[in-house]
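A.B. asks: One file: query_19.cif (mmCIF, C-alpha atoms).
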```cif
data_protein
loop_
_atom_site.group_PDB
_atom_site.id
_atom_site.type_symbol
_atom_site.label_atom_id
_atom_site.label_comp_id
_atom_site.auth_asym_id
_atom_site.auth_seq_id
_atom_site.Cartn_x
_atom_site.Cartn_y
_atom_site.Cartn_z
ATOM 1 C CA MET A 8 14.990 -94.955 219.995
ATOM 2 C CA LEU A 9 17.326 -97.810 219.145
ATOM 3 C CA GLN A 10 21.003 -97.245 219.791
ATOM 4 C CA ARG A 11 24.001 -99.158 218.505
ATOM 5 C CA ILE A 12 25.969 -101.338 220.884
ATOM 6 C CA PHE A 13 29.721 -101.437 221.152
ATOM 7 C CA HIS A 14 31.609 -104.593 222.003
ATOM 8 C CA GLY A 15 35.148 -105.777 222.368
ATOM 9 C CA GLY A 16 37.187 -108.905 222.724
ATOM 10 C CA LEU A 17 37.854 -108.582 226.450
ATOM 11 C CA LEU A 18 35.156 -111.101 227.342
ATOM 12 C CA THR A 19 36.706 -114.251 225.923
ATOM 13 C CA ALA A 20 38.512 -115.463 229.068
ATOM 14 C CA CYS A 21 37.337 -118.678 230.678
ATOM 15 C CA LEU A 22 34.848 -118.204 233.496
ATOM 16 C CA LEU A 23 35.543 -119.059 237.118
ATOM 17 C CA SER A 24 33.014 -119.735 239.834
ATOM 18 C CA VAL A 25 32.590 -116.704 242.094
ATOM 19 C CA PRO A 26 32.099 -117.124 245.871
ATOM 20 C CA ARG A 27 28.669 -116.146 247.165
ATOM 21 C CA LEU A 28 28.544 -112.440 248.004
ATOM 22 C CA ALA A 29 27.983 -111.575 251.643
ATOM 23 C CA ALA A 30 25.815 -108.608 250.683
ATOM 24 C CA GLY A 31 24.897 -107.082 247.381
ATOM 25 C CA GLN A 32 22.133 -105.866 245.135
ATOM 26 C CA GLU A 33 19.818 -107.882 242.950
ATOM 27 C CA VAL A 34 19.936 -107.323 239.187
ATOM 28 C CA ALA A 35 17.388 -108.407 236.573
ATOM 29 C CA LEU A 36 18.532 -107.953 232.966
ATOM 30 C CA HIS A 37 15.680 -107.965 230.461
ATOM 31 C CA PHE A 38 16.068 -109.048 226.824
ATOM 32 C CA ALA A 39 13.680 -108.881 223.877
ATOM 33 C CA LEU A 40 13.314 -109.660 220.175
ATOM 34 C CA GLN A 41 12.335 -106.898 217.786
ATOM 35 C CA ALA A 42 12.209 -106.247 214.058
ATOM 36 C CA GLY A 43 13.025 -102.548 213.947
ATOM 37 C CA GLU A 44 10.469 -100.865 216.197
ATOM 38 C CA GLN A 45 8.084 -103.855 216.208
ATOM 39 C CA ALA A 46 8.095 -106.677 218.748
ATOM 40 C CA LEU A 47 8.844 -110.101 217.271
ATOM 41 C CA SER A 48 7.269 -113.172 218.822
ATOM 42 C CA CYS A 49 5.355 -116.333 217.959
ATOM 43 C CA ALA A 50 2.182 -114.242 217.969
ATOM 44 C CA SER A 51 3.554 -111.590 215.583
ATOM 45 C CA PRO A 52 2.084 -111.299 212.094
ATOM 46 C CA ALA A 53 4.398 -111.844 209.138
ATOM 47 C CA LEU A 54 6.871 -108.946 209.169
ATOM 48 C CA PRO A 55 9.043 -107.789 206.249
ATOM 49 C CA LEU A 56 12.583 -109.039 206.896
ATOM 50 C CA GLY A 57 15.746 -109.293 204.840
ATOM 51 C CA GLN A 58 16.759 -107.696 201.556
ATOM 52 C CA PRO A 59 14.615 -107.663 199.541
ATOM 53 C CA PRO A 60 11.980 -107.682 202.320
ATOM 54 C CA VAL A 61 9.976 -110.899 202.582
ATOM 55 C CA PRO A 62 6.950 -111.347 204.902
ATOM 56 C CA THR A 63 8.341 -113.661 207.574
ATOM 57 C CA ARG A 64 7.133 -115.314 210.768
ATOM 58 C CA LEU A 65 9.157 -116.512 213.739
ATOM 59 C CA LYS A 66 9.621 -120.266 214.260
ATOM 60 C CA ASP A 67 12.240 -120.341 217.041
ATOM 61 C CA ALA A 68 14.615 -118.001 218.881
ATOM 62 C CA LYS A 69 16.996 -118.917 221.680
ATOM 63 C CA PHE A 70 20.519 -117.901 222.680
ATOM 64 C CA TYR A 71 23.145 -118.441 225.365
ATOM 65 C CA LEU A 72 24.909 -115.657 227.268
ATOM 66 C CA SER A 73 28.019 -115.850 229.417
ATOM 67 C CA ASP A 74 30.621 -113.661 231.137
ATOM 68 C CA ILE A 75 27.971 -111.091 232.065
ATOM 69 C CA ARG A 76 29.368 -107.977 233.751
ATOM 70 C CA LEU A 77 28.150 -104.561 234.807
ATOM 71 C CA LEU A 78 30.337 -101.481 234.495
ATOM 72 C CA ARG A 79 30.841 -99.382 237.614
ATOM 73 C CA ASP A 80 31.050 -95.602 237.455
ATOM 74 C CA ASP A 81 34.851 -95.854 237.420
ATOM 75 C CA GLY A 82 34.668 -97.994 234.263
ATOM 76 C CA GLN A 83 35.695 -101.236 235.964
ATOM 77 C CA PRO A 84 33.652 -104.358 235.153
ATOM 78 C CA GLN A 85 31.940 -106.321 237.927
ATOM 79 C CA ALA A 86 30.906 -109.916 237.249
ATOM 80 C CA LEU A 87 27.220 -110.653 237.695
ATOM 81 C CA GLN A 88 26.864 -113.662 239.971
ATOM 82 C CA LEU A 89 24.005 -115.626 238.450
ATOM 83 C CA HIS A 90 21.396 -117.344 240.587
ATOM 84 C CA ALA A 91 21.583 -121.051 239.792
ATOM 85 C CA ASP A 92 18.366 -122.510 238.417
ATOM 86 C CA ALA A 93 17.061 -124.353 235.348
ATOM 87 C CA TRP A 94 18.104 -121.405 233.130
ATOM 88 C CA GLN A 95 21.412 -120.361 234.699
ATOM 89 C CA SER A 96 24.534 -122.135 235.958
ATOM 90 C CA HIS A 97 28.335 -121.994 235.576
ATOM 91 C CA ASP A 98 27.976 -118.263 234.680
ATOM 92 C CA VAL A 99 25.965 -119.271 231.578
ATOM 93 C CA ALA A 100 22.337 -118.253 230.969
ATOM 94 C CA LEU A 101 19.858 -119.392 228.332
ATOM 95 C CA LEU A 102 17.179 -117.093 226.913
ATOM 96 C CA ASP A 103 14.175 -118.611 225.125
ATOM 97 C CA PHE A 104 11.616 -116.477 223.295
ATOM 98 C CA VAL A 105 9.180 -119.311 222.496
ATOM 99 C CA PRO A 106 6.399 -120.123 224.996
ATOM 100 C CA GLY A 107 6.925 -123.606 226.350
ATOM 101 C CA GLY A 108 10.504 -123.807 225.108
ATOM 102 C CA GLY A 109 9.872 -125.582 221.796
ATOM 103 C CA SER A 110 9.044 -123.999 218.439
ATOM 104 C CA CYS A 111 6.241 -121.586 217.608
ATOM 105 C CA HIS A 112 2.940 -123.298 216.804
ATOM 106 C CA ALA A 113 -0.673 -122.342 216.431
ATOM 107 C CA GLY A 114 -1.957 -121.023 219.722
ATOM 108 C CA ALA A 115 1.516 -120.731 221.317
ATOM 109 C CA THR A 116 0.987 -118.274 224.143
ATOM 110 C CA GLY A 117 2.277 -117.676 227.621
ATOM 111 C CA PRO A 118 5.463 -116.416 229.242
ATOM 112 C CA VAL A 119 8.897 -116.681 227.671
ATOM 113 C CA HIS A 120 12.234 -116.763 229.451
ATOM 114 C CA ASP A 121 13.723 -113.349 228.680
ATOM 115 C CA THR A 122 15.396 -112.325 231.942
ATOM 116 C CA VAL A 123 18.802 -112.986 233.510
ATOM 117 C CA GLN A 124 18.920 -112.644 237.278
ATOM 118 C CA GLY A 125 21.891 -112.271 239.558
ATOM 119 C CA GLU A 126 23.690 -110.255 242.165
ATOM 120 C CA VAL A 127 26.515 -107.696 242.292
ATOM 121 C CA PRO A 128 28.107 -105.725 245.137
ATOM 122 C CA ALA A 129 26.099 -102.639 246.039
ATOM 123 C CA ALA A 130 27.237 -99.773 243.806
ATOM 124 C CA HIS A 131 26.072 -97.581 240.942
ATOM 125 C CA TYR A 132 26.396 -99.240 237.547
ATOM 126 C CA ARG A 133 26.212 -97.666 234.107
ATOM 127 C CA GLY A 134 27.163 -100.173 231.450
ATOM 128 C CA LEU A 135 26.787 -103.832 230.503
ATOM 129 C CA LEU A 136 29.088 -106.413 228.959
ATOM 130 C CA PHE A 137 28.295 -109.963 227.923
ATOM 131 C CA THR A 138 29.216 -112.683 225.452
ATOM 132 C CA ILE A 139 26.819 -114.503 223.163
ATOM 133 C CA GLY A 140 28.030 -118.090 223.442
ATOM 134 C CA VAL A 141 29.164 -120.797 225.830
ATOM 135 C CA PRO A 142 32.771 -120.832 227.131
ATOM 136 C CA LEU A 143 35.019 -123.800 226.486
ATOM 137 C CA GLN A 144 35.243 -124.487 230.199
ATOM 138 C CA GLY A 145 34.421 -123.258 233.683
ATOM 139 C CA ARG A 146 34.905 -124.563 237.205
ATOM 140 C CA ASP A 147 32.727 -126.620 239.494
ATOM 141 C CA GLU A 148 31.951 -125.868 243.137
ATOM 142 C CA GLN A 149 35.248 -127.470 244.156
ATOM 143 C CA GLY A 150 37.191 -125.266 241.749
ATOM 144 C CA ARG A 151 37.956 -128.094 239.330
ATOM 145 C CA PRO A 152 37.894 -127.338 235.583
ATOM 146 C CA VAL A 153 34.831 -128.652 233.762
ATOM 147 C CA SER A 154 34.022 -128.685 230.050
ATOM 148 C CA LEU A 155 31.061 -126.454 229.213
ATOM 149 C CA ASN A 156 30.561 -125.983 225.469
ATOM 150 C CA HIS A 157 31.720 -129.453 224.442
ATOM 151 C CA GLY A 158 30.243 -132.475 226.126
ATOM 152 C CA ASN A 159 27.231 -134.762 226.274
ATOM 153 C CA PHE A 160 24.192 -132.534 226.776
ATOM 154 C CA GLU A 161 22.359 -135.395 228.497
ATOM 155 C CA LEU A 162 24.946 -135.328 231.302
ATOM 156 C CA ALA A 163 25.330 -131.547 231.508
ATOM 157 C CA ASP A 164 23.906 -129.231 234.138
ATOM 158 C CA ALA A 165 21.017 -126.979 233.143
ATOM 159 C CA PRO A 166 20.843 -124.915 230.998
ATOM 160 C CA LEU A 167 23.461 -126.788 228.936
ATOM 161 C CA ASP A 168 21.252 -129.885 228.918
ATOM 162 C CA ARG A 169 18.861 -128.677 226.187
ATOM 163 C CA ALA A 170 18.729 -131.073 223.250
ATOM 164 C CA SER A 171 17.403 -128.278 221.029
ATOM 165 C CA MET A 172 20.608 -126.263 221.593
ATOM 166 C CA ALA A 173 23.052 -129.143 221.031
ATOM 167 C CA TRP A 174 24.622 -129.923 217.636
ATOM 168 C CA SER A 175 27.224 -132.180 216.113
ATOM 169 C CA TRP A 176 30.258 -129.844 216.065
ATOM 170 C CA GLN A 177 32.322 -131.764 218.638
ATOM 171 C CA VAL A 178 29.099 -132.107 220.670
ATOM 172 C CA GLY A 179 29.059 -128.338 221.098
ATOM 173 C CA ARG A 180 26.183 -125.910 221.565
ATOM 174 C CA LYS A 181 24.270 -123.573 219.304
ATOM 175 C CA PHE A 182 25.020 -120.100 220.671
ATOM 176 C CA ILE A 183 22.159 -118.566 218.701
ATOM 177 C CA LYS A 184 19.250 -120.543 217.308
ATOM 178 C CA LEU A 185 17.074 -118.405 215.055
ATOM 179 C CA GLU A 186 14.605 -120.104 212.711
ATOM 180 C CA LEU A 187 12.250 -118.197 210.424
ATOM 181 C CA LEU A 188 9.381 -118.987 208.060
ATOM 182 C CA PRO A 189 9.510 -116.698 205.007
ATOM 183 C CA GLU A 190 6.315 -116.669 202.960
ATOM 184 C CA GLY A 191 6.768 -118.835 199.864
ATOM 185 C CA GLY A 192 9.702 -120.704 201.393
ATOM 186 C CA VAL A 193 13.386 -120.606 200.463
ATOM 187 C CA ALA A 194 14.435 -121.348 196.884
ATOM 188 C CA ARG A 195 17.382 -123.779 196.755
ATOM 189 C CA SER A 196 19.127 -125.756 194.024
ATOM 190 C CA SER A 197 17.569 -128.928 195.437
ATOM 191 C CA GLY A 198 14.056 -127.477 195.707
ATOM 192 C CA ARG A 199 12.282 -125.248 198.220
ATOM 193 C CA ALA A 200 12.805 -125.263 201.979
ATOM 194 C CA ALA A 201 10.190 -124.028 204.451
ATOM 195 C CA VAL A 202 12.619 -122.803 207.131
ATOM 196 C CA TRP A 203 15.457 -120.281 206.967
ATOM 197 C CA THR A 204 17.945 -120.915 209.781
ATOM 198 C CA LEU A 205 20.756 -119.229 211.693
ATOM 199 C CA HIS A 206 22.654 -121.597 213.974
ATOM 200 C CA LEU A 207 25.699 -119.809 215.375
ATOM 201 C CA GLY A 208 28.311 -121.956 217.094
ATOM 202 C CA SER A 209 31.993 -122.881 217.166
ATOM 203 C CA THR A 210 33.283 -124.728 214.093
ATOM 204 C CA GLY A 211 36.468 -126.434 212.958
ATOM 205 C CA CYS A 212 36.753 -128.150 216.345
ATOM 206 C CA SER A 213 39.112 -130.957 217.316
ATOM 207 C CA GLY A 214 40.041 -132.737 220.526
ATOM 208 C CA ASN A 215 38.363 -134.940 223.109
ATOM 209 C CA PRO A 216 35.236 -133.323 224.615
ATOM 210 C CA ALA A 217 35.533 -135.668 227.614
ATOM 211 C CA GLU A 218 38.690 -133.844 228.725
ATOM 212 C CA ALA A 219 38.205 -130.307 230.060
ATOM 213 C CA GLY A 220 40.156 -127.833 227.975
ATOM 214 C CA ALA A 221 41.143 -130.437 225.366
ATOM 215 C CA VAL A 222 38.962 -129.099 222.527
ATOM 216 C CA HIS A 223 40.278 -126.432 220.146
ATOM 217 C CA CYS A 224 38.088 -124.704 217.546
ATOM 218 C CA LEU A 225 39.448 -122.812 214.555
ATOM 219 C CA SER A 226 36.370 -120.558 214.623
ATOM 220 C CA PRO A 227 35.112 -119.866 218.183
ATOM 221 C CA ASN A 228 32.341 -117.581 216.825
ATOM 222 C CA ARG A 229 31.465 -115.973 220.157
ATOM 223 C CA VAL A 230 30.061 -112.448 220.048
ATOM 224 C CA SER A 231 31.306 -110.005 222.703
ATOM 225 C CA VAL A 232 28.963 -107.097 223.382
ATOM 226 C CA MET A 233 29.439 -103.871 225.330
ATOM 227 C CA LEU A 234 26.729 -101.302 226.107
ATOM 228 C CA PRO A 235 28.564 -98.401 227.744
ATOM 229 C CA ASP A 236 25.419 -96.424 228.654
ATOM 230 C CA PHE A 237 23.248 -99.296 229.829
ATOM 231 C CA ASP A 238 21.221 -98.632 232.991
ATOM 232 C CA PRO A 239 20.077 -101.988 234.424
ATOM 233 C CA ALA A 240 17.184 -100.280 236.203
ATOM 234 C CA GLN A 241 15.776 -98.618 233.081
ATOM 235 C CA ASP A 242 17.056 -100.376 229.940
ATOM 236 C CA HIS A 243 16.744 -103.729 228.243
ATOM 237 C CA VAL A 244 18.719 -105.431 225.478
ATOM 238 C CA VAL A 245 17.128 -106.119 222.108
ATOM 239 C CA LEU A 246 18.242 -108.499 219.399
ATOM 240 C CA ASP A 247 17.033 -106.530 216.388
ATOM 241 C CA VAL A 248 16.352 -109.251 213.839
ATOM 242 C CA ALA A 249 15.725 -106.672 211.106
ATOM 243 C CA ARG A 250 19.252 -105.326 211.529
ATOM 244 C CA LEU A 251 20.703 -108.812 211.779
ATOM 245 C CA LEU A 252 19.084 -109.734 208.433
ATOM 246 C CA ALA A 253 19.684 -106.400 206.697
ATOM 247 C CA GLY A 254 21.906 -108.043 204.054
ATOM 248 C CA SER A 255 20.200 -111.433 203.842
ATOM 249 C CA ASN A 256 17.813 -112.688 201.158
ATOM 250 C CA LEU A 257 15.448 -115.034 203.008
ATOM 251 C CA ALA A 258 13.725 -116.147 199.794
ATOM 252 C CA GLU A 259 16.847 -117.608 198.193
ATOM 253 C CA ASP A 260 19.730 -119.805 199.326
ATOM 254 C CA LYS A 261 22.859 -120.119 197.177
ATOM 255 C CA GLY A 262 24.626 -122.956 198.963
ATOM 256 C CA GLY A 263 25.105 -124.964 202.112
ATOM 257 C CA ALA A 264 22.290 -125.236 204.639
ATOM 258 C CA SER A 265 19.057 -123.292 204.216
ATOM 259 C CA GLY A 266 20.326 -120.129 205.855
ATOM 260 C CA CYS A 267 23.596 -120.263 207.814
ATOM 261 C CA MET A 268 25.072 -122.904 210.106
ATOM 262 C CA SER A 269 28.331 -121.006 210.693
ATOM 263 C CA SER A 270 30.226 -122.531 207.774
ATOM 264 C CA MET A 271 33.006 -120.411 206.297
ATOM 265 C CA ASP A 272 31.964 -121.632 202.836
ATOM 266 C CA ASP A 273 28.255 -120.841 203.177
ATOM 267 C CA PRO A 274 27.424 -117.645 201.206
ATOM 268 C CA GLU A 275 24.459 -116.918 203.499
ATOM 269 C CA CYS A 276 26.800 -116.644 206.493
ATOM 270 C CA LYS A 277 28.763 -113.657 205.177
ATOM 271 C CA PRO A 278 26.137 -110.909 205.708
ATOM 272 C CA LEU A 279 25.091 -112.375 209.060
ATOM 273 C CA PHE A 280 28.653 -112.505 210.387
ATOM 274 C CA ALA A 281 29.117 -108.918 209.206
ATOM 275 C CA GLN A 282 26.150 -107.826 211.334
ATOM 276 C CA LEU A 283 27.420 -109.846 214.299
ATOM 277 C CA GLN A 284 30.912 -108.451 213.619
ATOM 278 C CA ILE A 285 32.670 -111.835 213.561
ATOM 279 C CA GLN A 286 35.553 -112.620 211.213
ATOM 280 C CA LEU A 287 34.227 -115.324 208.878
ATOM 281 C CA GLU A 288 37.041 -115.846 206.365
ATOM 282 C CA ALA A 289 40.177 -117.863 207.113
ATOM 283 C CA GLY A 290 43.003 -116.095 208.904
ATOM 284 C CA ASP A 291 44.506 -115.529 212.338
ATOM 285 C CA ARG A 292 41.314 -113.830 213.551
ATOM 286 C CA ARG A 293 38.851 -116.280 212.033
ATOM 287 C CA GLY A 294 35.874 -116.612 214.346
ATOM 288 C CA GLN A 295 36.995 -113.607 216.425
ATOM 289 C CA PRO A 296 35.310 -110.187 216.794
ATOM 290 C CA LEU A 297 36.011 -107.686 214.040
ATOM 291 C CA LEU A 298 37.059 -104.070 214.408
ATOM 292 C CA PRO A 299 35.660 -101.415 214.852
ATOM 293 C CA GLN A 300 33.982 -103.602 217.471
ATOM 294 C CA THR A 301 30.343 -102.667 216.909
ATOM 295 C CA SER A 302 27.384 -104.972 216.365
ATOM 296 C CA PRO A 303 24.289 -103.530 214.682
ATOM 297 C CA ALA A 304 22.331 -106.638 215.692
ATOM 298 C CA PHE A 305 22.127 -105.777 219.412
ATOM 299 C CA VAL A 306 20.640 -102.530 220.676
ATOM 300 C CA ARG A 307 19.863 -100.845 223.978
ATOM 301 C CA VAL A 308 16.259 -99.739 224.508
ATOM 302 C CA GLN A 309 14.675 -97.954 227.454
ATOM 303 C CA GLN A 310 11.998 -100.002 229.154
ATOM 304 C CA PRO A 311 8.479 -98.581 228.760
#
```
Translate this file's structure into structure tokens.
C.D. replies:
Amino acid sequence: MLQRIFHGGLLTACLLSVPRLAAGQEVALHFALQAGEQALSCASPALPLGQPPVPTRLKDAKFYLSDIRLLRDDGQPQALQLHADAWQSHDVALLDFVPGGGSCHAGATGPVHDTVQGEVPAAHYRGLLFTIGVPLQGRDEQGRPVSLNHGNFELADAPLDRASMAWSWQVGRKFIKLELLPEGGVARSSGRAAVWTLHLGSTGCSGNPAEAGAVHCLSPNRVSVMLPDFDPAQDHVVLDVARLLAGSNLAEDKGGASGCMSSMDDPECKPLFAQLQIQLEAGDRRGQPLLPQTSPAFVRVQQP
């Protein structure tokens, strides 16, 4: 059965490189997409999503994670040291639920990248914390600060080098890229659009991306998640798209982009930010997690 996830704002600190552990235990964190109790993938039939429900297919789904920690039995968090590869570096991991890494297409089959792998000191862990998003900066192997979220993707280390996850907000990254194909398209004032989109990322940014730490964003829009009962050996994390879209009408768009591109003025962003528990409107906490610090969009599920 799906369970709600609790999250807090304690995961927003900048990430530092962690020395290689002398001895520890391997951890594989598994993630999945679902629409309620049904798996959601490129091969899924059109599933009823949104309110009112509209038969909808998946076009694309990817997201970045960072600051991943496991909770020890004493409640203290332990950083997961990620294994560096094409999907993980600088304590940032990319998950991609489309075979081949592009968008869903006819005959798209094969494996997806739905696992984060790393290492922690040997202990018993019962809980998981992570952030959806890319930090402003981290540190290189020499301990020097480096810009992570803002910078030229063509010069960035993997997985921050993906053109599909880069956008124009101060050359930042899309933290979540979710693109859907509702049957009949999306009615807009300018006509009909085929794709309904959620691109979550930092907005209202200023500063020079070439200088580490020089960029400031009015709306960071990072989602901090905490699963206090998560067992890494038995559970996996689900982004429940049905819950995420519980207040969204996929057949109609009342302004801005078709769907939501994280604009404070876009009416389609309001219900999505409510499900992600991010403050959308202007104010001191704009772009920060809301209280009571719960996100219906992410759930813990026991592995079969």
A.B. asks: How close does each residue of range 181-251 of chain A get to range 283-287 of chain A, giving the shortest atom pair and distance in Å to one decimal for every residue with an atom at most 8 Å away, counting only C-alpha atoms, sorted by chain and residue number, as CSV?
C.D. replies:
```
residue,atom,partner,partner_atom,distance
A:Asn228,CA,A:Ile285,CA,6.6
A:Arg229,CA,A:Ile285,CA,7.9
A:Val230,CA,A:Leu283,CA,6.8
A:Leu251,CA,A:Leu283,CA,7.2
```
A.B. asks: Just so the selection is clear, what residues does the PyMOL selection byres ((chain A and resi 276) around 10) cover here, as a PyMOL selection string?
C.D. replies: chain A and resi 205-207+255+263-264+266-275+277-281+287
A.B. asks: Excluding Pro62 in chain A and any residue of its chain fewer than 4 positions from it, enumerate the residues within 9 Å of it, using only C-alpha atoms, and give them as a list in words.
C.D. replies: Pro52, Ala53, Leu54, Pro55, Leu56, Leu188, Pro189 and Glu190 of chain A
A.B. asks: At most 10 Å from (15.8, -116.8, 220.2), file frame, only C-alpha atoms: which residues, as a list in words?
C.D. replies: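 So the residues meeting the distance criterion are Ala39, Leu40, Ser48, Leu65, Lys66, Asp67, Ala68, Lys69, Phe70, Tyr71, Leu101, Leu102, Asp103, Phe104, Val105, His120, Asp121, Phe182, Ile183, Lys184, Leu185, Glu186, Leu246 and Val248 of chain A.
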A.B. asks: Using all atoms listed in the file, which residue out of A:Pro106, A:Pro227, A:Gly208, A:Pro84 lies closest to Leu135 in chain A?
C.D. replies: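 Comparing A:Pro106, A:Pro227, A:Gly208, A:Pro84 against Leu135 in chain A, the winner is A:Pro84.
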A.B. asks: Could you give me, as an MDAnalysis selection string, the residues within 9 Å of Ala91 in chain A, counting all atoms listed in the file and dropping anything in the same chain fewer than 6 positions from it?
C.D. replies: chainID A and resid 97:98 125 165
A.B. asks: Write a file of the just-selected residues containing C-alpha atoms, as an mmCIF file, keeping the file's coordinate frame.
C.D. replies:
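Dumped everything to out.cif:
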```
data_model
loop_
_atom_site.group_PDB
_atom_site.id
_atom_site.type_symbol
_atom_site.label_atom_id
_atom_site.label_comp_id
_atom_site.auth_asym_id
_atom_site.auth_seq_id
_atom_site.Cartn_x
_atom_site.Cartn_y
_atom_site.Cartn_z
ATOM 1 C CA HIS A 97 28.335 -121.994 235.576
ATOM 2 C CA ASP A 98 27.976 -118.263 234.680
ATOM 3 C CA GLY A 125 21.891 -112.271 239.558
ATOM 4 C CA ALA A 165 21.017 -126.979 233.143
#
```
A.B. asks: Tell me which of A:Ala240, A:Ala130, A:Val99, A:Leu143 sits closest to Pro216 in chain A, counting all atoms listed in the file.
C.D. replies: A:Leu143
A.B. asks: Can you measure CA of Ala249 in chain A to CA of Ser110 in chain A for me? One decimal in Å is fine.
C.D. replies: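 Separation between CA of Ala249 in chain A and CA of Ser110 in chain A: 20.0 Å.
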A.B. asks: Please evaluate the PyMOL selection byres ((chain A and resi 210) around 6) against the displayed coordinates and give the resulting residues as a PyMOL selection string.
C.D. replies: chain A and resi 209+211-212+224+226
A.B. asks: Starting from the shown file, work through the PyMOL selection byres ((chain A and resi 198) around 12) and note down what comes out as a list in words.
C.D. replies: Gly192, Val193, Ala194, Arg195, Ser196, Ser197, Arg199, Ala200, Ala201, Glu259, Asp260, Lys261, Gly262 and Ser265 of chain A
A.B. asks: Identify which of the residues A:Ala115, A:Ile75, A:Met172, A:Leu234 lies closest to Thr138 in chain A, counting only C-alpha atoms when measuring atom-to-atom distances.
C.D. replies: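 Ranking A:Ala115, A:Ile75, A:Met172, A:Leu234 by distance to Thr138 in chain A, first place goes to A:Ile75.
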A.B. asks: Could you tell me which of A:Val61, A:Cys111, A:Val306, A:Val202 comes closest to Asp236 in chain A if we count only C-alpha atoms?
C.D. replies: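 Using only C-alpha atoms, Asp236 in chain A sits closest to A:Val306.
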A.B. asks: Using only C-alpha atoms for the distances, tell me which of A:Val34, A:Arg180, A:Gln124, A:Gly140 is nearest to Leu89 in chain A.
C.D. replies: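 Selected residue with least distance to Leu89 in chain A: A:Gln124.
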A.B. asks: May I ask for the distance between CA of Asp247 in chain A and CA of Glu44 in chain A, given in Å to one decimal place?
C.D. replies: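 Atom-to-atom, CA of Asp247 in chain A and CA of Glu44 in chain A are spaced 8.7 Å apart.
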A.B. asks: Measure the distance from CA of Gly158 in chain A to CA of Val178 in chain A in Å and round it to one decimal.
C.D. replies: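 For CA of Gly158 in chain A relative to CA of Val178 in chain A, the distance reads 5.6 Å.
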A.B. asks: Determine the nearest neighbour of Glu33 in chain A from the options A:Gly191, A:Pro128, A:Pro60, A:Pro311, counting all atoms listed in the file.
C.D. replies: A:Pro128
A.B. asks: Starting from 5 Å padding per side, set up an axis-aligned box that covers all listed atoms of range 278-290 of chain A and hand over centre and edge lengths in Å, one decimal, as JSON.
C.D. replies:
```
{"center_x": 34.0, "center_y": -112.8, "center_z": 210.0, "size_x": 27.9, "size_y": 20.0, "size_z": 18.6}
```
A.B. asks: Please provide the set of residues having any atom within 10 Å of Phe237 in chain A, restricted to only C-alpha atoms, with same-chain residues fewer than 3 positions apart removed, written as a ChimeraX atom specification.
C.D. replies: /A:12,77-78,132-136,233-234,240-244,307-309
A.B. asks: Select, counting only C-alpha atoms, all protein, DNA and RNA residues no farther than 8 Å from (37.1, -135.7, 231.5) in file coordinates, and express the selection as JSON, numbers by chain.
C.D. replies: {"A": [153, 154, 216, 217, 218, 219]}
